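One file, entry.cif, is given below (mmCIF, C-alpha atoms and all ligand atoms).
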data_data
loop_
_atom_site.group_PDB
_atom_site.id
_atom_site.type_symbol
_atom_site.label_atom_id
_atom_site.label_comp_id
_atom_site.auth_asym_id
_atom_site.auth_seq_id
_atom_site.Cartn_x
_atom_site.Cartn_y
_atom_site.Cartn_z
ATOM 1 C CA MET A 1 15.110 7.670 -16.765
ATOM 2 C CA LEU A 2 12.008 9.650 -15.745
ATOM 3 C CA SER A 3 12.788 13.143 -14.514
ATOM 4 C CA LYS A 4 12.102 13.794 -10.850
ATOM 5 C CA ASN A 5 9.086 15.930 -10.118
ATOM 6 C CA TYR A 6 9.740 18.559 -7.536
ATOM 7 C CA SER A 7 6.368 20.332 -7.587
ATOM 8 C CA ASN A 8 4.718 17.440 -5.714
ATOM 9 C CA ARG A 9 6.726 16.726 -2.599
ATOM 10 C CA LEU A 10 7.168 13.250 -1.257
ATOM 11 C CA PHE A 11 6.292 12.637 2.397
ATOM 12 C CA GLY A 12 7.206 9.695 4.585
ATOM 13 C CA ARG A 13 10.279 7.502 4.714
ATOM 14 C CA THR A 14 12.458 6.254 1.870
ATOM 15 C CA ARG A 15 14.461 3.964 4.223
ATOM 16 C CA GLY A 16 13.319 1.558 6.937
ATOM 17 C CA ARG A 17 14.051 2.036 10.628
ATOM 18 C CA SER A 18 16.475 -0.891 10.778
ATOM 19 C CA LYS A 19 20.140 0.069 10.896
ATOM 20 C CA LYS A 20 20.906 -2.618 8.309
ATOM 21 C CA LYS A 21 23.308 -1.182 5.726
ATOM 22 C CA ILE A 22 22.243 -1.209 2.122
ATOM 23 C CA ASP A 23 24.688 -1.492 -0.763
ATOM 24 C CA LEU A 24 23.295 1.501 -2.659
ATOM 25 C CA LYS A 25 25.520 0.918 -5.687
ATOM 26 C CA LYS A 26 24.135 -2.613 -6.055
ATOM 27 C CA TYR A 27 20.618 -1.285 -5.409
ATOM 28 C CA HIS A 28 20.855 1.310 -8.186
ATOM 29 C CA GLN A 29 22.226 -1.318 -10.590
ATOM 30 C CA MET A 30 19.195 -3.504 -9.840
ATOM 31 C CA VAL A 31 16.820 -0.547 -10.220
ATOM 32 C CA ALA A 32 18.443 0.299 -13.584
ATOM 33 C CA LYS A 33 17.875 -3.279 -14.782
ATOM 34 C CA TYR A 34 14.128 -3.036 -14.147
ATOM 35 C CA GLN A 35 13.731 0.714 -14.739
ATOM 36 C CA PHE A 36 10.467 1.916 -16.279
ATOM 37 C CA ASP A 37 11.245 4.530 -18.947
ATOM 38 C CA ASN A 38 8.251 5.018 -21.166
ATOM 39 C CA CYS A 39 5.133 3.379 -22.559
ATOM 40 C CA ASN A 40 5.264 1.404 -25.773
ATOM 41 C CA ASP A 41 2.010 1.500 -27.759
ATOM 42 C CA LYS A 42 2.160 -2.252 -28.453
ATOM 43 C CA ILE A 43 2.265 -3.187 -24.749
ATOM 44 C CA ASN A 44 -0.511 -3.146 -22.126
ATOM 45 C CA TYR A 45 0.403 -1.687 -18.754
ATOM 46 C CA ILE A 46 -0.799 -1.715 -15.155
ATOM 47 C CA LEU A 47 0.295 0.954 -12.671
ATOM 48 C CA ASP A 48 0.770 -0.114 -9.043
ATOM 49 C CA ILE A 49 1.131 3.035 -6.945
ATOM 50 C CA GLY A 50 2.883 2.894 -3.554
ATOM 51 C CA SER A 51 3.673 -0.803 -3.894
ATOM 52 C CA GLY A 52 5.409 -1.044 -0.490
ATOM 53 C CA TYR A 53 7.061 -4.473 -0.311
ATOM 54 C CA GLY A 54 5.755 -5.353 -3.765
ATOM 55 C CA GLU A 55 3.085 -7.927 -2.899
ATOM 56 C CA THR A 56 0.489 -6.302 -5.167
ATOM 57 C CA SER A 57 2.948 -5.957 -8.074
ATOM 58 C CA ILE A 58 3.834 -9.662 -7.869
ATOM 59 C CA PHE A 59 0.130 -10.570 -7.593
ATOM 60 C CA LEU A 60 -0.784 -8.430 -10.614
ATOM 61 C CA ALA A 61 2.171 -9.693 -12.664
ATOM 62 C CA ASN A 62 1.050 -13.294 -12.064
ATOM 63 C CA GLN A 63 -2.611 -12.512 -12.776
ATOM 64 C CA PHE A 64 -1.907 -10.563 -15.972
ATOM 65 C CA LEU A 65 0.944 -12.319 -17.740
ATOM 66 C CA ASP A 66 0.157 -10.416 -20.947
ATOM 67 C CA LYS A 67 0.690 -7.012 -19.301
ATOM 68 C CA ILE A 68 3.631 -5.138 -17.790
ATOM 69 C CA VAL A 69 3.180 -3.952 -14.197
ATOM 70 C CA ILE A 70 4.810 -0.620 -13.387
ATOM 71 C CA SER A 71 5.564 -0.683 -9.690
ATOM 72 C CA CYS A 72 5.937 2.818 -8.336
ATOM 73 C CA GLU A 73 7.489 3.171 -4.889
ATOM 74 C CA LYS A 74 9.969 5.470 -3.177
ATOM 75 C CA TYR A 75 10.642 3.158 -0.206
ATOM 76 C CA ILE A 76 14.046 1.568 -0.837
ATOM 77 C CA ASP A 77 13.704 -1.294 1.672
ATOM 78 C CA GLY A 78 10.423 -2.306 -0.007
ATOM 79 C CA ASN A 79 11.886 -2.059 -3.503
ATOM 80 C CA ILE A 80 14.810 -4.305 -2.512
ATOM 81 C CA ILE A 81 12.358 -7.007 -1.426
ATOM 82 C CA LEU A 82 10.384 -6.625 -4.651
ATOM 83 C CA LEU A 83 13.522 -6.758 -6.819
ATOM 84 C CA ASN A 84 14.791 -9.852 -4.991
ATOM 85 C CA ASN A 85 11.423 -11.551 -5.500
ATOM 86 C CA ILE A 86 11.430 -10.661 -9.193
ATOM 87 C CA GLU A 87 14.878 -12.237 -9.594
ATOM 88 C CA LYS A 88 14.127 -15.262 -7.416
ATOM 89 C CA ASN A 89 10.855 -16.052 -9.203
ATOM 90 C CA LYS A 90 12.151 -15.043 -12.653
ATOM 91 C CA ILE A 91 9.241 -12.626 -13.145
ATOM 92 C CA LYS A 92 9.460 -10.985 -16.530
ATOM 93 C CA ASN A 93 6.622 -8.473 -16.493
ATOM 94 C CA ILE A 94 7.425 -5.961 -13.727
ATOM 95 C CA ARG A 95 9.224 -2.640 -14.174
ATOM 96 C CA LEU A 96 10.023 -0.248 -11.345
ATOM 97 C CA HIS A 97 9.892 3.474 -10.900
ATOM 98 C CA ASN A 98 11.922 4.125 -7.752
ATOM 99 C CA GLY A 99 10.353 7.456 -6.811
ATOM 100 C CA ASN A 100 7.306 9.659 -6.877
ATOM 101 C CA VAL A 101 4.243 8.563 -8.867
ATOM 102 C CA TYR A 102 3.939 12.156 -10.079
ATOM 103 C CA ASP A 103 7.125 11.580 -12.133
ATOM 104 C CA VAL A 104 5.153 8.959 -14.080
ATOM 105 C CA LEU A 105 1.907 10.937 -14.275
ATOM 106 C CA GLU A 106 3.641 14.024 -15.656
ATOM 107 C CA HIS A 107 5.860 12.097 -18.057
ATOM 108 C CA ILE A 108 3.112 10.076 -19.747
ATOM 109 C CA HIS A 109 0.897 12.136 -22.000
ATOM 110 C CA ARG A 110 -1.407 9.488 -23.355
ATOM 111 C CA GLU A 111 -3.828 6.761 -22.362
ATOM 112 C CA CYS A 112 -1.578 3.762 -21.874
ATOM 113 C CA PHE A 113 -2.702 2.040 -18.652
ATOM 114 C CA ASP A 114 -5.299 -0.756 -18.492
ATOM 115 C CA LEU A 115 -5.528 -0.689 -14.713
ATOM 116 C CA VAL A 116 -4.283 1.347 -11.733
ATOM 117 C CA TRP A 117 -3.954 -0.092 -8.220
ATOM 118 C CA ILE A 118 -3.479 2.012 -5.095
ATOM 119 C CA PHE A 119 -3.401 -0.248 -2.058
ATOM 120 C CA PHE A 120 -3.385 1.373 1.368
ATOM 121 C CA PRO A 121 -2.124 4.836 0.477
ATOM 122 C CA ASP A 122 -0.728 6.619 3.548
ATOM 123 C CA PRO A 123 -3.829 7.997 5.339
ATOM 124 C CA TRP A 124 -2.131 10.961 7.065
ATOM 125 C CA PRO A 125 -4.929 10.969 9.675
ATOM 126 C CA LYS A 126 -4.002 14.241 11.395
ATOM 127 C CA ASN A 127 -5.846 17.276 10.077
ATOM 128 C CA ARG A 128 -2.652 19.247 9.734
ATOM 129 C CA HIS A 129 -1.261 16.565 7.386
ATOM 130 C CA ALA A 130 -4.390 16.246 5.228
ATOM 131 C CA LYS A 131 -2.660 18.008 2.315
ATOM 132 C CA ARG A 132 -0.188 15.112 2.120
ATOM 133 C CA ARG A 133 -2.899 12.615 1.133
ATOM 134 C CA LEU A 134 -2.311 11.243 -2.338
ATOM 135 C CA ILE A 135 -5.912 10.660 -3.373
ATOM 136 C CA THR A 136 -7.643 13.902 -4.192
ATOM 137 C CA SER A 137 -9.950 14.746 -7.080
ATOM 138 C CA ASP A 138 -7.013 16.440 -8.881
ATOM 139 C CA PHE A 139 -4.975 13.270 -8.520
ATOM 140 C CA LEU A 140 -7.837 11.105 -9.838
ATOM 141 C CA ILE A 141 -8.196 13.415 -12.841
ATOM 142 C CA LYS A 142 -4.464 13.036 -13.564
ATOM 143 C CA ILE A 143 -4.940 9.267 -13.523
ATOM 144 C CA HIS A 144 -7.975 9.626 -15.794
ATOM 145 C CA LYS A 145 -5.647 11.126 -18.442
ATOM 146 C CA ILE A 146 -3.315 8.111 -18.524
ATOM 147 C CA LEU A 147 -6.005 5.391 -18.269
ATOM 148 C CA LYS A 148 -7.406 3.748 -21.387
ATOM 149 C CA GLN A 149 -11.151 4.032 -22.072
ATOM 150 C CA SER A 150 -13.304 2.022 -19.585
ATOM 151 C CA SER A 151 -10.251 1.008 -17.555
ATOM 152 C CA GLU A 152 -10.342 0.854 -13.785
ATOM 153 C CA ILE A 153 -8.717 2.236 -10.649
ATOM 154 C CA HIS A 154 -8.790 0.015 -7.544
ATOM 155 C CA ILE A 155 -8.207 1.787 -4.238
ATOM 156 C CA ALA A 156 -7.990 0.045 -0.847
ATOM 157 C CA THR A 157 -7.926 1.656 2.570
ATOM 158 C CA ASP A 158 -8.645 0.710 6.184
ATOM 159 C CA SER A 159 -8.762 4.283 7.468
ATOM 160 C CA THR A 160 -12.209 5.724 8.181
ATOM 161 C CA ILE A 161 -10.865 9.264 7.874
ATOM 162 C CA TYR A 162 -9.300 8.504 4.505
ATOM 163 C CA THR A 163 -12.446 6.634 3.378
ATOM 164 C CA ARG A 164 -14.482 9.807 3.869
ATOM 165 C CA PHE A 165 -11.834 11.832 2.052
ATOM 166 C CA ILE A 166 -11.708 9.322 -0.851
ATOM 167 C CA LEU A 167 -15.524 9.261 -1.105
ATOM 168 C CA ASN A 168 -15.516 13.032 -1.344
ATOM 169 C CA SER A 169 -12.853 12.891 -4.094
ATOM 170 C CA ILE A 170 -14.865 10.237 -5.979
ATOM 171 C CA TYR A 171 -17.980 12.423 -5.723
ATOM 172 C CA ASN A 172 -16.070 15.421 -7.085
ATOM 173 C CA CYS A 173 -14.922 13.289 -10.041
ATOM 174 C CA LYS A 174 -18.332 11.856 -10.902
ATOM 175 C CA ASP A 175 -18.041 13.147 -14.473
ATOM 176 C CA TYR A 176 -14.765 11.259 -14.895
ATOM 177 C CA PHE A 177 -15.377 7.937 -13.140
ATOM 178 C CA ALA A 178 -18.259 5.608 -12.339
ATOM 179 C CA TRP A 179 -17.978 4.028 -8.896
ATOM 180 C CA LEU A 180 -18.710 0.405 -9.813
ATOM 181 C CA ASN A 181 -19.117 -1.295 -6.427
ATOM 182 C CA GLN A 182 -21.044 1.425 -4.599
ATOM 183 C CA SER A 183 -24.218 -0.645 -4.322
ATOM 184 C CA GLU A 184 -22.494 -3.774 -3.013
ATOM 185 C CA MET A 185 -23.364 -4.993 0.482
ATOM 186 C CA ASN A 186 -19.757 -4.612 1.454
ATOM 187 C CA LEU A 187 -16.522 -3.475 -0.094
ATOM 188 C CA HIS A 188 -14.250 -6.208 1.232
ATOM 189 C CA ILE A 189 -11.035 -6.726 -0.738
ATOM 190 C CA LYS A 190 -11.173 -10.504 -0.298
ATOM 191 C CA ASP A 191 -14.498 -10.611 -2.154
ATOM 192 C CA TYR A 192 -12.536 -9.493 -5.190
ATOM 193 C CA PHE A 193 -8.847 -10.426 -4.857
ATOM 194 C CA ASP A 194 -6.825 -12.942 -2.913
ATOM 195 C CA VAL A 195 -3.898 -10.698 -2.078
ATOM 196 C CA GLU A 196 -2.490 -9.833 1.352
ATOM 197 C CA THR A 197 -0.082 -6.947 1.687
ATOM 198 C CA LYS A 198 1.765 -5.807 4.791
ATOM 199 C CA TYR A 199 -0.842 -3.091 5.392
ATOM 200 C CA TYR A 200 -3.738 -5.433 4.705
ATOM 201 C CA LYS A 201 -2.433 -7.812 7.402
ATOM 202 C CA LYS A 202 -1.860 -4.898 9.785
ATOM 203 C CA ALA A 203 -5.473 -3.780 9.306
ATOM 204 C CA ILE A 204 -6.782 -7.294 10.014
ATOM 205 C CA ASN A 205 -4.558 -7.596 13.129
ATOM 206 C CA TYR A 206 -6.075 -4.368 14.459
ATOM 207 C CA GLU A 207 -9.583 -5.597 13.534
ATOM 208 C CA ARG A 208 -10.086 -2.894 10.921
ATOM 209 C CA ILE A 209 -11.916 -4.055 7.806
ATOM 210 C CA PRO A 210 -10.335 -2.632 4.663
ATOM 211 C CA SER A 211 -12.577 -1.329 1.899
ATOM 212 C CA LEU A 212 -12.005 -1.526 -1.822
ATOM 213 C CA PHE A 213 -13.270 1.146 -4.211
ATOM 214 C CA ILE A 214 -13.516 0.235 -7.888
ATOM 215 C CA LEU A 215 -13.791 3.147 -10.316
ATOM 216 C CA ARG A 216 -14.241 2.890 -14.074
ATOM 217 C CA LYS A 217 -13.153 5.623 -16.429
ATOM 218 C CA LEU A 218 -16.090 7.310 -18.174
HETATM 219 C C1 LIG B 1 0.904 2.515 3.698
HETATM 220 S S1 LIG B 1 2.056 2.033 2.483
HETATM 221 C C2 LIG B 1 1.203 0.744 1.604
HETATM 222 C C3 LIG B 1 2.135 -0.191 0.910
HETATM 223 C C4 LIG B 1 1.490 -1.361 0.157
HETATM 224 N N1 LIG B 1 0.660 -0.895 -0.942
HETATM 225 C C5 LIG B 1 0.677 -2.240 1.083
HETATM 226 O O1 LIG B 1 -0.542 -2.369 0.855
HETATM 227 O O2 LIG B 1 1.258 -2.817 2.009
HETATM 228 C C6 LIG B 1 1.967 3.374 1.318
HETATM 229 C C7 LIG B 1 3.142 3.389 0.376
HETATM 230 O O3 LIG B 1 2.978 4.412 -0.590
HETATM 231 C C8 LIG B 1 4.249 4.961 -0.883
HETATM 232 N N2 LIG B 1 4.031 6.307 -1.437
HETATM 233 C C9 LIG B 1 3.479 7.364 -0.809
HETATM 234 N N3 LIG B 1 3.453 8.439 -1.610
HETATM 235 C C10 LIG B 1 4.004 8.043 -2.795
HETATM 236 C C11 LIG B 1 4.262 8.705 -4.025
HETATM 237 N N4 LIG B 1 3.930 9.993 -4.204
HETATM 238 N N5 LIG B 1 4.840 8.010 -5.026
HETATM 239 C C12 LIG B 1 5.182 6.697 -4.846
HETATM 240 N N6 LIG B 1 4.963 6.008 -3.712
HETATM 241 C C13 LIG B 1 4.380 6.675 -2.695
HETATM 242 C C14 LIG B 1 4.955 4.970 0.470
HETATM 243 O O4 LIG B 1 6.360 5.007 0.327
HETATM 244 C C15 LIG B 1 4.457 3.679 1.096
HETATM 245 O O5 LIG B 1 5.341 2.609 0.863
#
Could you quickly redo this structure as structure tokens?
Ligand SMILES: C[S@@+](CC[C@H](N)C(=O)[O-])C[C@H]1O[C@@H](n2cnc3c(N)ncnc32)[C@H](O)[C@@H]1O
Amino acid sequence: MLSKNYSNRLFGRTRGRSKKKIDLKKYHQMVAKYQFDNCNDKINYILDIGSGYGETSIFLANQFLDKIVISCEKYIDGNIILLNNIEKNKIKNIRLHNGNVYDVLEHIHRECFDLVWIFFPDPWPKNRHAKRRLITSDFLIKIHKILKQSSEIHIATDSTIYTRFILNSIYNCKDYFAWLNQSEMNLHIKDYFDVETKYYKKAINYERIPSLFILRKL
């Protein structure tokens, strides 16, 4: 099992608001069955960070049958839905890290990922919470270290505040990543992928158009 990283605190909920009881023993048995432990050099991996209810992990697993998707999420209610979907649909190529993505980033010391997805990271819109935002230039540089040559990071957000923050982080990492879709007319997710997550649908309901940033490792 990956060791827990305590230098990078986790913010936000690990359980949903519903009072529905969870059988934690059964949950941990399921997590153990699909636990991500380490990278194997013979296998190609995708990292799905903050996978929520797992829609992106399922989408990626179906798109890339020759790769293993590492779904990284601390939200237990979301992981239960993902694990149930994996079992129900007999999906063979998803592993889970039930916890902080920093556990993965600090455990892996080589370039083993072909792709990293970060869909709708928590925007923490208040100024006093800005330090909680996941995507910073330091974070992107950590991802750079575990990505294979010329591999990509895909980041989606519907928050204008976070968009500015992400653009600033991309600019500060211009020696590490090329921003591939910067000259496109728009950055709409649906121009690239047919996937709808809970936060994608929420954005559309509130008439916010999500943007997708595609970065390639230099
Ligand atoms: C706004 S939700 C988006 C969920 C999903 N990607 C979607 O598009 O619906 C952000 C998710 O990132 C997870 N998250 C935030 N920080 C994390 C971290 N350091 N490691 C792993 N997951 C994290 C949260 O638990 C939350 O489920």
message = Calculated over all atoms listed in the file, which of the candidates A:Ser151, A:Gln182, A:Asn44, A:Ser51 has the smallest distance to ligand LIG 1 (chain B)?
response = A:Ser51
query = Skipping near chain neighbours, those fewer than 3 positions away, what residues fall within 12 Å of Asp194 (chain A) using only C-alpha atoms, listed as an NGL selection string?
reply = :A and (55-56 or 59-60 or 63 or 188-191 or 197 or 200)
Let me see the file: selected residues, C-alpha atoms, as a PDB file, in the frame of the given file.
ATOM      1  CA  GLU A  55       3.085  -7.927  -2.899  1.00  0.00           C
ATOM      2  CA  THR A  56       0.489  -6.302  -5.167  1.00  0.00           C
ATOM      3  CA  PHE A  59       0.130 -10.570  -7.593  1.00  0.00           C
ATOM      4  CA  LEU A  60      -0.784  -8.430 -10.614  1.00  0.00           C
ATOM      5  CA  GLN A  63      -2.611 -12.512 -12.776  1.00  0.00           C
ATOM      6  CA  HIS A 188     -14.250  -6.208   1.232  1.00  0.00           C
ATOM      7  CA  ILE A 189     -11.035  -6.726  -0.738  1.00  0.00           C
ATOM      8  CA  LYS A 190     -11.173 -10.504  -0.298  1.00  0.00           C
ATOM      9  CA  ASP A 191     -14.498 -10.611  -2.154  1.00  0.00           C
ATOM     10  CA  THR A 197      -0.082  -6.947   1.687  1.00  0.00           C
ATOM     11  CA  TYR A 200      -3.738  -5.433   4.705  1.00  0.00           C
TER      12      TYR A 200
END
query = Using all atoms listed in the file, which of the listed residues (A:Ile22, A:Leu2, A:Cys112, A:Leu83) sits closest to Asp41 (chain A)?
reply =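 Among the listed residues, the smallest separation from Asp41 (chain A) belongs to A:Cys112.
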key: Selection result of the PyMOL selection byres (((chain A and resi 187) around 12) and not hetatm) on this file, as a list in words   = His154, Ile155, Ala156, Thr157, Asp158, Thr163, Trp179, Leu180, Asn181, Gln182, Ser183, Glu184, Met185, Asn186, His188, Ile189, Lys190, Asp191, Tyr192, Phe193, Ile209, Pro210, Ser211, Leu212, Phe213 and Ile214 of chain A
ask   = Restricting the calculation to only C-alpha atoms and all ligand atoms, which member of A:Val31, A:Ile58, A:Leu82, A:Ile49 is positioned closest to ligand LIG 1 (chain B)?
value =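 Under the stated criterion, the closest residue is A:Ile49.
In terms of minimum interatomic distance to Lys126 (chain A), A:Ile161 ranks closest within A:Tyr206, A:Met30, A:Ile161, A:Ala178, counting only C-alpha atoms.
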request  = With all atoms listed in the file counted, collect every polymer residue having an atom within 9 Å of ligand LIG 1 (chain B); state the result as an MDAnalysis selection string.
outcome  = chainID A and resid 8:14 48:56 71:76 78 97:103 117:123 132:134 156:157 196:202
Just to be explicit: take each residue in the selection above, keep C-alpha atoms, and write the result as a PDB file, keeping the file's coordinate frame.
ATOM      1  CA  ASN A   8       4.718  17.440  -5.714  1.00  0.00           C
ATOM      2  CA  ARG A   9       6.726  16.726  -2.599  1.00  0.00           C
ATOM      3  CA  LEU A  10       7.168  13.250  -1.257  1.00  0.00           C
ATOM      4  CA  PHE A  11       6.292  12.637   2.397  1.00  0.00           C
ATOM      5  CA  GLY A  12       7.206   9.695   4.585  1.00  0.00           C
ATOM      6  CA  ARG A  13      10.279   7.502   4.714  1.00  0.00           C
ATOM      7  CA  THR A  14      12.458   6.254   1.870  1.00  0.00           C
ATOM      8  CA  ASP A  48       0.770  -0.114  -9.043  1.00  0.00           C
ATOM      9  CA  ILE A  49       1.131   3.035  -6.945  1.00  0.00           C
ATOM     10  CA  GLY A  50       2.883   2.894  -3.554  1.00  0.00           C
ATOM     11  CA  SER A  51       3.673  -0.803  -3.894  1.00  0.00           C
ATOM     12  CA  GLY A  52       5.409  -1.044  -0.490  1.00  0.00           C
ATOM     13  CA  TYR A  53       7.061  -4.473  -0.311  1.00  0.00           C
ATOM     14  CA  GLY A  54       5.755  -5.353  -3.765  1.00  0.00           C
ATOM     15  CA  GLU A  55       3.085  -7.927  -2.899  1.00  0.00           C
ATOM     16  CA  THR A  56       0.489  -6.302  -5.167  1.00  0.00           C
ATOM     17  CA  SER A  71       5.564  -0.683  -9.690  1.00  0.00           C
ATOM     18  CA  CYS A  72       5.937   2.818  -8.336  1.00  0.00           C
ATOM     19  CA  GLU A  73       7.489   3.171  -4.889  1.00  0.00           C
ATOM     20  CA  LYS A  74       9.969   5.470  -3.177  1.00  0.00           C
ATOM     21  CA  TYR A  75      10.642   3.158  -0.206  1.00  0.00           C
ATOM     22  CA  ILE A  76      14.046   1.568  -0.837  1.00  0.00           C
ATOM     23  CA  GLY A  78      10.423  -2.306  -0.007  1.00  0.00           C
ATOM     24  CA  HIS A  97       9.892   3.474 -10.900  1.00  0.00           C
ATOM     25  CA  ASN A  98      11.922   4.125  -7.752  1.00  0.00           C
ATOM     26  CA  GLY A  99      10.353   7.456  -6.811  1.00  0.00           C
ATOM     27  CA  ASN A 100       7.306   9.659  -6.877  1.00  0.00           C
ATOM     28  CA  VAL A 101       4.243   8.563  -8.867  1.00  0.00           C
ATOM     29  CA  TYR A 102       3.939  12.156 -10.079  1.00  0.00           C
ATOM     30  CA  ASP A 103       7.125  11.580 -12.133  1.00  0.00           C
ATOM     31  CA  TRP A 117      -3.954  -0.092  -8.220  1.00  0.00           C
ATOM     32  CA  ILE A 118      -3.479   2.012  -5.095  1.00  0.00           C
ATOM     33  CA  PHE A 119      -3.401  -0.248  -2.058  1.00  0.00           C
ATOM     34  CA  PHE A 120      -3.385   1.373   1.368  1.00  0.00           C
ATOM     35  CA  PRO A 121      -2.124   4.836   0.477  1.00  0.00           C
ATOM     36  CA  ASP A 122      -0.728   6.619   3.548  1.00  0.00           C
ATOM     37  CA  PRO A 123      -3.829   7.997   5.339  1.00  0.00           C
ATOM     38  CA  ARG A 132      -0.188  15.112   2.120  1.00  0.00           C
ATOM     39  CA  ARG A 133      -2.899  12.615   1.133  1.00  0.00           C
ATOM     40  CA  LEU A 134      -2.311  11.243  -2.338  1.00  0.00           C
ATOM     41  CA  ALA A 156      -7.990   0.045  -0.847  1.00  0.00           C
ATOM     42  CA  THR A 157      -7.926   1.656   2.570  1.00  0.00           C
ATOM     43  CA  GLU A 196      -2.490  -9.833   1.352  1.00  0.00           C
ATOM     44  CA  THR A 197      -0.082  -6.947   1.687  1.00  0.00           C
ATOM     45  CA  LYS A 198       1.765  -5.807   4.791  1.00  0.00           C
ATOM     46  CA  TYR A 199      -0.842  -3.091   5.392  1.00  0.00           C
ATOM     47  CA  TYR A 200      -3.738  -5.433   4.705  1.00  0.00           C
ATOM     48  CA  LYS A 201      -2.433  -7.812   7.402  1.00  0.00           C
ATOM     49  CA  LYS A 202      -1.860  -4.898   9.785  1.00  0.00           C
TER      50      LYS A 202
END
task = Taking the file as shown, find all residues satisfying the PyMOL selection byres (((chain A and resi 105) around 9) and not hetatm) and write them as an NGL selection string.
result = :A and (101-104 or 106-109 or 142-143 or 145-146)
Output: region 121-160 of chain A of the preceding structure, restricted to C-alpha atoms, written as a compact mmCIF listing (two decimals), in the first residue's frame.
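Written out: decode_38.txt:
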# COMPACT_ATOMS: atom_id res chain seq x y z
CA PRO A 121 -10.33 20.10 -9.57
CA ASP A 122 -11.88 21.91 -6.59
CA PRO A 123 -11.60 25.63 -7.49
CA TRP A 124 -11.49 26.99 -3.91
CA PRO A 125 -12.74 30.36 -5.22
CA LYS A 126 -12.24 32.36 -2.02
CA ASN A 127 -8.93 34.19 -1.81
CA ARG A 128 -8.26 32.87 1.66
CA HIS A 129 -8.50 29.29 0.34
CA ALA A 130 -6.30 29.84 -2.73
CA LYS A 131 -3.47 27.81 -1.17
CA ARG A 132 -5.72 24.73 -1.25
CA ARG A 133 -5.84 24.69 -5.06
CA LEU A 134 -4.24 21.56 -6.45
CA ILE A 135 -2.92 22.96 -9.72
CA THR A 136 0.11 25.11 -9.16
CA SER A 137 3.37 25.24 -11.10
CA ASP A 138 5.02 23.08 -8.40
CA PHE A 139 2.30 20.49 -8.81
CA LEU A 140 2.66 20.50 -12.62
CA ILE A 141 6.42 20.01 -12.25
CA LYS A 142 5.80 17.00 -9.97
CA ILE A 143 3.57 15.54 -12.68
CA HIS A 144 6.24 16.28 -15.28
CA LYS A 145 8.56 13.90 -13.38
CA ILE A 146 6.19 10.93 -13.60
CA LEU A 147 5.00 11.51 -17.20
CA LYS A 148 6.67 9.75 -20.11
CA GLN A 149 8.29 11.86 -22.84
CA SER A 150 5.73 13.79 -24.99
CA SER A 151 2.83 12.58 -22.85
CA GLU A 152 -0.07 14.84 -21.97
CA ILE A 153 -1.97 16.36 -19.06
CA HIS A 154 -5.64 17.22 -19.66
CA ILE A 155 -7.16 19.69 -17.21
CA ALA A 156 -10.83 20.78 -17.21
CA THR A 157 -12.41 23.56 -15.22
CA ASP A 158 -15.51 25.76 -15.34
CA SER A 159 -14.24 28.31 -12.82
CA THR A 160 -13.03 31.63 -14.23
